[in-house]
Every structure is written in C-alpha cells, then in structure tokens.
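Below: protein12.cif (mmCIF, C-alpha atoms)
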```cif
data_protein
#
loop_
_atom_site.label_atom_id
_atom_site.label_comp_id
_atom_site.auth_asym_id
_atom_site.auth_seq_id
_atom_site.Cartn_x
_atom_site.Cartn_y
_atom_site.Cartn_z
CA MET A 16 24.84 206.59 -163.92
CA PRO A 17 27.26 204.42 -165.90
CA SER A 18 26.82 204.40 -169.67
CA ILE A 19 26.80 200.85 -171.02
CA ILE A 20 25.94 199.05 -174.26
CA ILE A 21 23.58 196.05 -174.28
CA ASP A 22 23.18 194.21 -177.59
CA GLY A 23 24.42 197.29 -179.45
CA ALA A 24 22.05 199.74 -177.75
CA ALA A 25 23.53 202.48 -175.55
CA LEU A 26 21.80 203.17 -172.23
CA SER A 27 22.42 204.57 -168.76
CA ALA A 28 22.24 202.16 -165.83
CA ARG A 29 21.70 202.91 -162.17
CA GLU A 30 24.93 203.05 -160.16
CA GLY A 31 25.53 199.70 -158.44
CA SER A 32 22.93 197.80 -160.49
CA THR A 33 23.66 194.43 -162.05
CA ILE A 34 23.66 193.62 -165.75
CA LEU A 35 20.38 191.75 -165.26
CA GLU A 36 18.72 194.73 -163.60
CA ALA A 37 19.95 197.09 -166.31
CA ALA A 38 18.79 194.72 -169.05
CA ARG A 39 15.31 194.35 -167.56
CA GLN A 40 15.02 198.09 -167.18
CA ALA A 41 15.78 198.35 -170.90
CA GLY A 42 13.27 195.60 -171.78
CA VAL A 43 15.94 193.03 -172.68
CA HIS A 44 15.08 189.44 -171.70
CA ILE A 45 17.73 187.27 -170.05
CA PRO A 46 16.63 183.80 -168.83
CA THR A 47 17.06 183.08 -165.12
CA LEU A 48 16.21 180.27 -162.73
CA CYS A 49 17.84 180.82 -159.33
CA TYR A 50 17.33 184.60 -159.40
CA LEU A 51 14.23 186.16 -157.83
CA LYS A 52 14.10 189.90 -157.29
CA GLU A 53 14.55 190.86 -153.63
CA ARG A 54 14.64 187.14 -152.76
CA SER A 55 17.68 185.38 -154.20
CA ALA A 56 20.70 186.23 -156.34
CA ILE A 57 23.20 183.48 -155.53
CA ALA A 58 24.19 183.03 -159.23
CA SER A 59 24.16 179.24 -159.00
CA CYS A 60 22.10 178.23 -162.06
CA ARG A 61 24.24 180.04 -164.67
CA LEU A 62 21.31 180.41 -167.06
CA CYS A 63 21.71 184.20 -167.09
CA VAL A 64 25.27 184.21 -168.43
CA VAL A 65 26.16 187.01 -170.86
CA GLU A 66 29.25 188.00 -172.80
CA VAL A 67 31.15 191.11 -171.69
CA ALA A 68 33.77 192.62 -173.97
CA GLY A 69 37.23 191.99 -172.51
CA GLU A 70 36.11 189.08 -170.30
CA PRO A 71 37.53 185.66 -171.27
CA HIS A 72 34.35 183.76 -170.32
CA PRO A 73 30.63 184.50 -170.02
CA VAL A 74 29.63 185.99 -166.67
CA PRO A 75 26.38 185.72 -164.66
CA ALA A 76 24.24 188.78 -165.32
CA CYS A 77 22.46 188.57 -161.95
CA SER A 78 25.63 189.13 -159.92
CA THR A 79 27.89 191.19 -162.21
CA VAL A 80 27.73 194.91 -161.46
CA VAL A 81 27.71 197.30 -164.42
CA ARG A 82 30.64 199.64 -165.00
CA GLU A 83 31.26 202.60 -167.27
CA GLY A 84 31.73 201.63 -170.91
CA MET A 85 30.74 197.98 -170.46
CA GLU A 86 29.66 196.24 -173.68
CA VAL A 87 27.28 193.34 -173.08
CA THR A 88 25.93 190.69 -175.45
CA THR A 89 22.90 188.76 -174.21
CA ARG A 90 22.28 186.51 -177.23
CA SER A 91 24.79 184.48 -179.26
CA PRO A 92 25.34 180.83 -180.27
CA LEU A 93 27.92 180.50 -177.48
CA LEU A 94 25.47 181.75 -174.83
CA ALA A 95 22.71 179.50 -176.15
CA ALA A 96 25.02 176.49 -175.80
CA TYR A 97 26.12 177.55 -172.30
CA ARG A 98 22.56 178.01 -171.09
CA LYS A 99 21.26 174.77 -172.57
CA MET A 100 24.11 172.80 -171.02
CA ALA A 101 23.59 174.46 -167.64
CA LEU A 102 19.89 173.56 -167.65
CA GLU A 103 20.59 169.98 -168.74
CA LEU A 104 23.11 169.60 -165.92
CA ILE A 105 20.58 170.91 -163.40
CA LEU A 106 17.93 168.46 -164.62
CA SER A 107 20.25 165.45 -164.73
CA SER A 108 21.58 166.24 -161.23
CA LYS A 109 18.24 165.33 -159.62
CA GLY A 110 16.65 162.64 -161.76
CA PRO A 111 13.17 161.72 -163.01
CA ALA A 112 11.27 163.65 -160.30
CA LEU A 113 12.65 166.96 -161.51
CA VAL A 114 12.26 166.02 -165.16
CA ALA A 115 8.59 165.28 -164.52
CA CYS A 116 8.23 168.78 -163.10
CA ALA A 117 9.96 170.23 -166.17
CA GLN A 118 7.33 168.68 -168.40
CA ARG A 119 4.43 170.51 -166.76
CA ALA A 120 3.07 172.81 -169.45
CA ASP A 121 2.27 175.54 -166.93
CA GLY A 122 5.47 175.57 -164.89
CA GLU A 123 8.42 177.95 -164.91
CA LEU A 124 10.91 175.14 -165.46
CA ALA A 125 8.96 173.87 -168.47
CA ALA A 126 8.97 177.35 -169.98
CA LEU A 127 12.76 177.52 -169.62
CA CYS A 128 13.17 174.08 -171.20
CA HIS A 129 11.14 175.26 -174.17
CA GLU A 130 13.06 178.54 -174.44
CA LEU A 131 16.50 176.92 -174.24
CA GLY A 132 15.72 173.95 -176.50
CA VAL A 133 15.64 171.20 -173.89
CA GLU A 134 12.51 169.49 -175.21
CA ALA A 135 10.64 166.23 -174.80
CA PRO A 136 9.99 164.17 -177.95
CA THR A 137 6.78 164.98 -179.79
CA ASP A 138 3.99 162.39 -180.06
CA ALA A 139 5.20 161.49 -183.55
CA GLU A 140 8.76 161.01 -182.32
CA ALA A 141 7.51 158.90 -179.43
CA ALA A 142 5.59 156.72 -181.90
CA ASP A 143 8.87 156.20 -183.79
CA GLY A 144 10.55 154.83 -180.71
CA ALA A 145 11.71 157.91 -178.80
CA ALA A 146 11.22 157.77 -175.04
CA GLU A 147 7.86 159.45 -174.54
CA GLY A 148 7.79 162.00 -171.74
CA THR A 149 11.58 162.12 -171.29
CA LEU A 150 13.50 165.31 -171.98
CA GLU A 151 16.43 165.10 -174.35
CA LEU A 152 19.37 165.29 -171.95
CA ARG A 153 22.99 164.62 -172.92
CA PHE A 154 23.98 163.67 -169.38
CA PRO A 155 22.99 160.62 -167.31
CA PHE A 156 20.91 161.06 -164.17
CA ALA A 157 22.87 161.31 -160.93
CA GLN A 158 22.95 158.00 -159.13
CA GLY A 159 21.61 157.86 -155.61
CA LYS A 160 18.69 156.99 -153.41
CA GLU A 161 15.58 159.11 -153.51
CA SER A 162 14.99 161.13 -150.37
CA PRO A 163 11.64 160.86 -148.57
CA ARG A 164 9.15 163.71 -148.77
CA VAL A 165 8.76 165.86 -145.66
CA GLU A 166 5.03 166.01 -144.91
CA GLY A 167 4.52 167.00 -141.26
CA ASN A 168 3.25 170.51 -142.00
CA PRO A 169 -0.54 170.58 -142.65
CA PHE A 170 -0.19 173.15 -145.47
CA LEU A 171 3.22 172.55 -147.06
CA SER A 172 5.29 169.63 -148.23
CA PHE A 173 8.94 169.36 -149.28
CA ASP A 174 10.26 166.97 -151.93
CA PRO A 175 14.10 167.03 -151.83
CA ASN A 176 14.17 165.13 -155.12
CA ARG A 177 12.94 168.23 -156.94
CA CYS A 178 15.09 170.74 -155.08
CA ILE A 179 17.78 172.47 -157.20
CA LYS A 180 19.16 174.43 -154.22
CA CYS A 181 18.44 177.79 -155.84
CA GLN A 182 17.61 179.17 -152.36
CA ARG A 183 14.71 181.26 -153.64
CA CYS A 184 12.62 179.73 -150.85
CA VAL A 185 15.22 180.74 -148.26
CA GLY A 186 15.22 184.29 -149.57
CA ALA A 187 11.42 184.44 -149.57
CA CYS A 188 11.29 183.22 -145.98
CA ASN A 189 14.18 185.23 -144.57
CA ALA A 190 14.62 188.37 -146.68
CA ALA A 191 10.96 188.94 -147.56
CA ALA A 192 8.63 187.34 -144.99
CA ARG A 193 11.25 187.76 -142.22
CA ASN A 194 10.32 184.44 -140.61
CA HIS A 195 13.82 182.89 -140.75
CA SER A 196 12.37 179.37 -140.76
CA LEU A 197 14.19 177.99 -143.80
CA GLY A 198 17.93 177.74 -144.12
CA THR A 199 20.76 175.76 -145.68
CA ARG A 200 23.04 173.04 -144.42
CA ARG A 201 26.49 172.04 -145.68
CA ARG A 202 28.24 173.93 -148.48
CA GLY A 203 28.99 173.92 -152.19
CA ALA A 204 27.64 170.97 -154.17
CA LEU A 205 26.53 169.34 -150.90
CA THR A 206 24.27 172.24 -149.93
CA LEU A 207 20.87 171.13 -148.61
CA ILE A 208 17.72 173.14 -147.93
CA ALA A 209 16.63 172.72 -144.32
CA ALA A 210 12.82 172.87 -144.59
CA PRO A 211 11.11 172.65 -141.18
CA PHE A 212 8.06 170.75 -142.39
CA GLY A 213 8.62 167.53 -140.47
CA PRO A 214 6.84 166.25 -137.33
CA ASN A 215 8.44 168.97 -135.17
CA TRP A 216 7.44 171.85 -137.45
CA ARG A 217 5.45 173.52 -134.65
CA ALA A 218 8.68 174.03 -132.71
CA SER A 219 10.10 176.10 -135.58
CA GLU A 220 9.36 179.71 -136.54
CA CYS A 221 7.36 178.54 -139.57
CA GLU A 222 4.01 180.29 -139.99
CA SER A 223 2.88 178.11 -142.94
CA CYS A 224 2.53 181.27 -145.04
CA GLY A 225 3.61 179.45 -148.21
CA ASN A 226 5.75 182.29 -149.56
CA CYS A 227 8.50 179.70 -150.00
CA ALA A 228 6.20 177.57 -152.18
CA GLN A 229 5.33 180.57 -154.35
CA ALA A 230 9.04 181.31 -154.83
CA CYS A 231 10.00 177.70 -155.65
CA PRO A 232 10.44 177.20 -159.42
CA THR A 233 10.24 173.38 -159.34
CA GLY A 234 7.53 172.48 -156.86
CA ALA A 235 10.04 171.06 -154.38
CA ILE A 236 8.13 173.07 -151.78
CA SER A 237 4.43 173.03 -152.61
CA LEU A 238 1.03 173.62 -151.10
CA LYS A 239 -0.67 170.40 -150.13
CA ALA A 240 -3.51 169.22 -152.33
CA ARG A 241 -6.83 170.62 -151.14
CA GLY A 242 -10.08 169.46 -152.66
CA ALA A 243 -10.79 170.72 -156.16
CA GLY A 244 -7.46 172.54 -156.35
CA ALA A 245 -5.42 169.36 -156.02
CA ASP A 246 -4.48 169.25 -159.70
CA LEU A 247 -3.31 172.86 -159.96
CA PRO A 248 0.43 173.51 -159.58
CA ALA A 249 1.12 175.92 -156.75
CA TYR A 250 4.48 176.95 -158.16
CA GLY A 251 5.79 178.70 -161.24
CA ASP A 252 6.65 182.20 -160.11
CA ALA A 253 8.57 183.91 -162.92
CA SER A 254 11.85 185.33 -161.72
CA ASP A 255 10.87 188.92 -162.46
CA GLY A 256 8.10 188.66 -159.87
CA ALA A 257 5.31 188.14 -162.43
CA PRO A 258 3.44 184.82 -162.34
CA ALA A 259 4.03 182.27 -165.05
CA ASP A 260 1.55 181.87 -167.91
CA LEU A 261 -1.08 179.25 -167.04
CA SER A 262 -3.19 179.63 -170.18
CA ALA A 263 -2.05 176.22 -171.45
CA SER A 264 -4.01 174.56 -168.65
CA GLY A 265 -7.12 176.67 -169.25
CA THR A 266 -6.48 178.75 -166.14
CA ARG A 267 -7.02 182.49 -165.88
CA ARG A 268 -5.96 184.88 -163.14
CA VAL A 269 -8.26 187.31 -161.36
CA ARG A 270 -6.79 190.16 -159.31
CA THR A 271 -8.59 190.89 -156.04
CA THR A 272 -8.08 191.92 -152.41
CA CYS A 273 -7.69 189.36 -149.62
CA PRO A 274 -10.89 189.26 -147.50
CA HIS A 275 -9.26 188.15 -144.25
CA CYS A 276 -8.24 191.45 -142.67
CA GLY A 277 -7.96 195.15 -143.40
CA VAL A 278 -4.33 195.18 -144.55
CA GLY A 279 -5.43 195.01 -148.20
CA CYS A 280 -3.06 192.35 -149.53
CA GLN A 281 -3.49 191.79 -153.25
CA LEU A 282 -4.22 188.30 -154.55
CA GLU A 283 -4.08 186.58 -157.91
CA LEU A 284 -6.85 183.98 -157.84
CA GLU A 285 -6.31 181.11 -160.29
CA VAL A 286 -9.67 180.19 -161.81
CA ARG A 287 -10.36 177.13 -163.91
CA GLY A 288 -13.62 175.49 -164.85
CA GLY A 289 -15.58 178.24 -163.16
CA ARG A 290 -14.00 177.53 -159.77
CA ILE A 291 -11.22 179.18 -157.76
CA ARG A 292 -8.38 176.67 -157.52
CA ALA A 293 -5.59 178.55 -155.75
CA ALA A 294 -4.39 181.95 -154.55
CA ARG A 295 -0.99 183.59 -154.85
CA GLY A 296 0.43 186.88 -153.69
CA ALA A 297 0.31 189.75 -156.18
CA GLN A 298 2.52 192.83 -156.26
CA GLY A 299 0.28 195.02 -154.12
CA ALA A 300 1.43 198.13 -152.28
CA SER A 301 0.85 196.58 -148.85
CA ASN A 302 2.09 193.02 -149.44
CA ARG A 303 4.55 193.14 -152.39
CA GLY A 304 3.88 189.56 -153.44
CA LEU A 305 3.66 188.10 -149.93
CA LEU A 306 0.70 186.43 -148.18
CA CYS A 307 -0.03 185.00 -144.76
CA VAL A 308 -1.37 181.47 -144.25
CA LYS A 309 -4.97 182.72 -144.25
CA GLY A 310 -4.61 184.69 -147.45
CA ARG A 311 -2.97 181.80 -149.29
CA SER A 312 -4.79 178.79 -147.87
CA ALA A 313 -8.16 180.05 -146.58
CA SER A 314 -9.13 183.08 -148.62
CA PHE A 315 -11.31 181.42 -151.23
CA ASP A 316 -12.61 177.95 -150.23
CA PHE A 317 -15.83 179.44 -148.89
CA VAL A 318 -16.74 180.83 -152.33
CA GLY A 319 -17.71 177.41 -153.64
CA ALA A 320 -18.89 175.92 -150.33
CA PRO A 321 -22.23 174.10 -150.75
CA ASP A 322 -23.62 175.57 -147.50
CA ARG A 323 -22.72 179.17 -148.34
CA LEU A 324 -25.61 181.67 -148.08
CA THR A 325 -26.15 183.23 -151.49
CA THR A 326 -29.35 185.16 -150.78
CA PRO A 327 -30.69 187.06 -147.74
CA LEU A 328 -32.93 185.15 -145.34
CA VAL A 329 -35.82 186.73 -143.41
CA ARG A 330 -37.64 184.91 -140.62
CA ASN A 331 -41.33 184.21 -141.24
CA ARG A 332 -43.13 185.36 -138.09
CA ALA A 333 -45.93 182.85 -138.60
CA THR A 334 -43.75 179.75 -138.98
CA GLY A 335 -40.52 180.91 -137.31
CA GLU A 336 -38.55 179.64 -140.32
CA LEU A 337 -35.94 181.60 -142.31
CA GLU A 338 -37.07 182.13 -145.87
CA PRO A 339 -35.24 183.57 -148.91
CA ALA A 340 -35.83 187.27 -149.58
CA THR A 341 -34.61 189.90 -152.02
CA TRP A 342 -31.86 192.30 -151.04
CA ASP A 343 -34.31 195.20 -151.08
CA GLU A 344 -36.67 193.37 -148.72
CA ALA A 345 -33.90 192.43 -146.31
CA LEU A 346 -32.25 195.87 -146.25
CA SER A 347 -35.58 197.63 -145.83
CA LEU A 348 -36.44 195.38 -142.88
CA VAL A 349 -33.09 195.97 -141.15
CA ALA A 350 -33.22 199.74 -141.73
CA SER A 351 -36.78 200.06 -140.43
CA ARG A 352 -36.14 197.99 -137.30
CA LEU A 353 -32.94 199.89 -136.42
CA SER A 354 -34.69 203.21 -137.02
CA GLN A 355 -37.58 202.06 -134.82
CA LEU A 356 -35.23 201.15 -131.97
CA ARG A 357 -33.44 204.49 -132.30
CA ASP A 358 -36.71 206.45 -132.25
CA GLU A 359 -38.25 204.52 -129.36
CA HIS A 360 -35.22 204.02 -127.12
CA GLY A 361 -32.60 206.50 -128.33
CA GLY A 362 -29.28 206.03 -130.10
CA GLU A 363 -27.66 204.63 -126.94
CA SER A 364 -29.79 201.50 -127.40
CA LEU A 365 -27.75 200.66 -130.53
CA ALA A 366 -24.11 199.70 -131.04
CA ALA A 367 -22.09 199.41 -134.25
CA PHE A 368 -19.54 196.62 -134.29
CA ALA A 369 -17.25 196.41 -137.34
CA CYS A 370 -15.71 193.23 -138.71
CA SER A 371 -11.92 193.04 -138.63
CA ARG A 372 -11.98 191.98 -142.28
CA SER A 373 -13.31 195.37 -143.29
CA THR A 374 -10.99 197.86 -144.94
CA ASN A 375 -10.24 201.23 -143.33
CA GLU A 376 -12.54 202.91 -145.85
CA ASP A 377 -15.43 200.57 -145.04
CA VAL A 378 -14.97 201.03 -141.30
CA TYR A 379 -14.90 204.83 -141.70
CA LEU A 380 -18.21 204.81 -143.56
CA PHE A 381 -19.64 202.37 -141.01
CA GLN A 382 -18.86 204.58 -138.00
CA LYS A 383 -20.11 207.63 -139.92
CA MET A 384 -23.43 205.90 -140.51
CA ALA A 385 -23.64 204.84 -136.85
CA ARG A 386 -23.10 208.39 -135.59
CA ALA A 387 -25.04 210.33 -138.25
CA ALA A 388 -27.94 207.99 -139.03
CA PHE A 389 -28.41 206.01 -135.80
CA LYS A 390 -27.23 208.70 -133.35
CA THR A 391 -24.91 206.40 -131.41
CA ASN A 392 -21.30 206.68 -130.35
CA ASN A 393 -21.15 203.01 -129.39
CA VAL A 394 -18.70 202.07 -132.12
CA ASP A 395 -16.08 199.32 -131.96
CA SER A 396 -14.26 196.75 -134.07
CA CYS A 397 -12.98 193.24 -133.45
CA ALA A 398 -9.65 194.08 -135.12
CA ARG A 399 -7.38 193.20 -132.22
CA VAL A 400 -4.39 191.87 -134.13
#
```

Once more with this new file: its structure as structure tokens, please.
Amino acid sequence: MPSIIIDGAALSAREGSTILEAARQAGVHIPTLCYLKERSAIASCRLCVVEVAGEPHPVPACSTVVREGMEVTTRSPLLAAYRKMALELILSSKGPALVACAQRADGELAALCHELGVEAPTDAEAADGAAEGTLELRFPFAQGKESPRVEGNPFLSFDPNRCIKCQRCVGACNAAARNHSLGTRRRGALTLIAAPFGPNWRASECESCGNCAQACPTGAISLKARGAGADLPAYGDASDGAPADLSASGTRRVRTTCPHCGVGCQLELEVRGGRIRAARGAQGASNRGLLCVKGRSASFDFVGAPDRLTTPLVRNRATGELEPATWDEALSLVASRLSQLRDEHGGESLAAFACSRSTNEDVYLFQKMARAAFKTNNVDSCARV
C-alpha cells in the first residue's frame, strides 16, 4: 500500500488506486463531472484536477494512479481557477440548453456551478440590468444549429444539445447494465453519443431500463414526462454514486424494495407533495444502483391510482355486491372458508399459488403455511423468468 500525502495528511492508499479513490477513502472532496464509479473514468471534464509535487501542471485525479511518496494538493487558487474555467468551457460549448439545465436548483450540474463559482445573477443584480437566468460565462456560446431531440423510445428521450460527451451513460449501459445499446461515434472533440432512441429503437439491444438517464448529469438522456412526475428532474446522480440533494425542490427520498419481482432491488422513491414522483436505483446488495424498466418506470404509479383498492371487499350474499370490510373481517372469512374446505374435502382440494413479486422469505412462509396449516403439497409460483 503506497504511502502518500493529501493536503498535508499522510495516508496509505490501495495499490493501483487513483488519487480520486484515495482521496474519497480519506474523506477528501474533489469535484467531478465525467467520473462515475464503476461507470466512467475518461478524464474529459478536467474538474478533478489536482496538484502533484514534481508535476509541471495539474493532473486529473480520476485517472492518475497513486505512487509511493506522492504529495497531492486538492485545493489552491490555481486549482480553483482551472476548475472554474473547465466548467465554463463545458457550458459554453453547448449553448443555452445546457445552461438552462445548470440553473436547476436540484441538479448535479447546478451544484457544481455553485461550488466552483459559476453563478447566475441574483434577483437584485438582474433588476440592475444583469441578464436574468444567464450564468456568468467568460466565453461565447459555440455557434451551430441545434440538433433535434430523439424521441422514438416510449420511456427515454435524448437531447444532444445538453450532452457533454462524458460517456457516463455509455458506461452505465455497457459496463454496469451489460446491454451494450449505447456507444460513441467519431473521436476527440467530434465525439458523439449514439443513443438508440429513434424510430428503430426496437431493433437495438435497448431494454429501456433508464440506467443511462440516472447516470446522465445534465438531463441529455431523461425519462419522459409521466403524469404528476413530469416536473421532477430524472437526473442528478452524484458522481460518488449517491443521489444529489433535492431538498431545494421540497423533495424527500424514501428507501424501499422494488415490488415487481423477488430479486429485491433497492429503490429511492422521490416524494413531493405527498405523492411519489419518480424512482431511482439505490445501492442495494442485489442491484448496486441499477434498475430494470419495470422498477424505474412502473414500480409506483399504482400507489396513487384513483381505482386502487385501499380496503378489503367482501361480497354481500343477499345483494351479490362487494362491500368494504375490515381486515379482521376479511381475514377471518378467508381463513374459515379455507379451513372448511380442508376439513370437508381434504388438503388435496386446496392449492397455494405464490406471486412472482414475492420475496424468497415470503414464499418460504407461504409454502410452510400451505403444508402445515392447510395440509396440501400443491404449491407453485408464477415466477418463470
């Protein structure tokens, strides 16, 4: 384990780790934009530059491997100037569409603008003649025609005018989800993200899982607006794998388990105004931040559905109509009828059929109840994935 010094503090780093990894392990913050753990480390944004003793220029922390005796400085006036200029160049390279994204109070790009001093004028400054809503950039916007949005996919859209070519989406699709649907075209400054969301998207390997949208820091790839969640940004994944802070928009996160199958993927539900607005993958043991299309786009809409059953219904024998009942009434009725069938016709008259959305623990208890309480071995599940 190489011994290095970061901001004057001596520490041991894992062999082969980068400066960024060693700094995060030591609790030292270094801003990043293109980096996403286990997804992308192409070192293109240059926001993570640090000073290394003996090096003539700052180096990117995300791609520079530590070595014995290395002395690293993560904060200095020179680094602050480098990082601010790098972010301004990124913003000016795309134009107003990206700047609009950078002004979202709950986005990752906005947080970086605030941290690095690339700010929009305040209301008072705007009243004095400053351009309201425009970030203070020292460089003119790149000239060129805006590219059309790619909208063929029913769940995802791609706006090239917001894309900074960080390739976090490509890493999420290829290195993490293993779908290999996204890729790049051309090279260098002409690099383009090839997002298969056009009219022929069904011919691609895309599964509409949306892991690319969760990885995107600018909303270039985003989940399509759906009902009440239309105004909630679907992006803003912090580069250390933790979600960005959404408290400014009055949104809180609730950790839960995806209800769609028994894998047990962990979700972060974004709740605002008493309603679930969106879902994102959490760092669970079985999914490690990833979700499938069901978990991301169909795991929560039913919660607020107006036709959802919220109380048990028991049929009135006199009228034939279903009427609301308490849980105790409903459970007692079901238990007594099943027990009656077992006693009159034997356990073989009953079958226990488990839902594929049940967890392994639930299914175990279910089959135990079927065999021990209802005396039947007719046990099955619809989990046929």

Residue IDs satisfying the PyMOL selection byres ((chain A and resi 159-169) around 12), as a PyMOL selection string: chain A and resi 107-113+156-158+170-178+207-219+221-225+235-241+308+312

A:Phe368 surroundings by all atoms listed in the file, 7 Å radius, close-in-sequence under 6 positions cut, as a PyMOL selection string: chain A and resi 394-396

Proximity to A:Leu328 - best of A:Tyr379, A:Phe315, A:Trp342, A:Phe389, only C-alpha atoms: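 Smallest distance to A:Leu328 is found for A:Trp342.
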
Residue members of the PyMOL selection byres ((chain A and resi 116) around 10) in the file shown, as a ChimeraX atom specification: /A:106,111-115,117-125,177,232-235,248

Output file for the residues above (C-alpha atoms, as a short mmCIF file (atom, residue, chain, number, x, y, z; two decimals), in the coordinates of the input):
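Below you can see part.cif, which holds the result:
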```cif
data_model
loop_
_atom_site.label_atom_id
_atom_site.label_comp_id
_atom_site.auth_asym_id
_atom_site.auth_seq_id
_atom_site.Cartn_x
_atom_site.Cartn_y
_atom_site.Cartn_z
CA LEU A 106 17.93 168.46 -164.62
CA PRO A 111 13.17 161.72 -163.01
CA ALA A 112 11.27 163.65 -160.30
CA LEU A 113 12.65 166.96 -161.51
CA VAL A 114 12.26 166.02 -165.16
CA ALA A 115 8.59 165.28 -164.52
CA ALA A 117 9.96 170.23 -166.17
CA GLN A 118 7.33 168.68 -168.40
CA ARG A 119 4.43 170.51 -166.76
CA ALA A 120 3.07 172.81 -169.45
CA ASP A 121 2.27 175.54 -166.93
CA GLY A 122 5.47 175.57 -164.89
CA GLU A 123 8.42 177.95 -164.91
CA LEU A 124 10.91 175.14 -165.46
CA ALA A 125 8.96 173.87 -168.47
CA ARG A 177 12.94 168.23 -156.94
CA PRO A 232 10.44 177.20 -159.42
CA THR A 233 10.24 173.38 -159.34
CA GLY A 234 7.53 172.48 -156.86
CA ALA A 235 10.04 171.06 -154.38
CA PRO A 248 0.43 173.51 -159.58
#
```

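The smallest atom-to-atom distance between A:Val185 and any of A:Arg311, A:Phe154, A:Arg332, A:Leu51, using only C-alpha atoms, is found for A:Leu51.
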
For A:Thr89: contacts at 8 Å, all atoms listed in the file, fewer than 3 positions along chain excluded, given as a PyMOL selection string: chain A and resi 21-22+45+64-66+94

Atom-to-atom span, atom CA of A:Gly299 and atom CA of A:Arg270, Å: 10.0 Å

Atom pair atom CA of A:Val286 / atom CA of A:Leu131: separation (Å):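 These atoms are spaced 29.2 Å apart.
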
Gap from atom CA of A:Ser18 to atom CA of A:Glu86 - Å, one decimal: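 A separation of 9.5 Å between them.
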
Residues returned when the PyMOL selection byres ((chain A and resi 79) around 10) runs on this file, as an MDAnalysis selection string: chainID A and resid 31:36 58 64:65 74:78 80:82

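Residues within 12 Å of A:Ala204, counting only C-alpha atoms and excluding same-chain residues fewer than 2 positions away, are Ser59, Ile105, Ser108, Ile179, Lys180, Cys181, Thr199, Arg200, Arg201, Arg202, Thr206, Leu207 and Ile208 of chain A.
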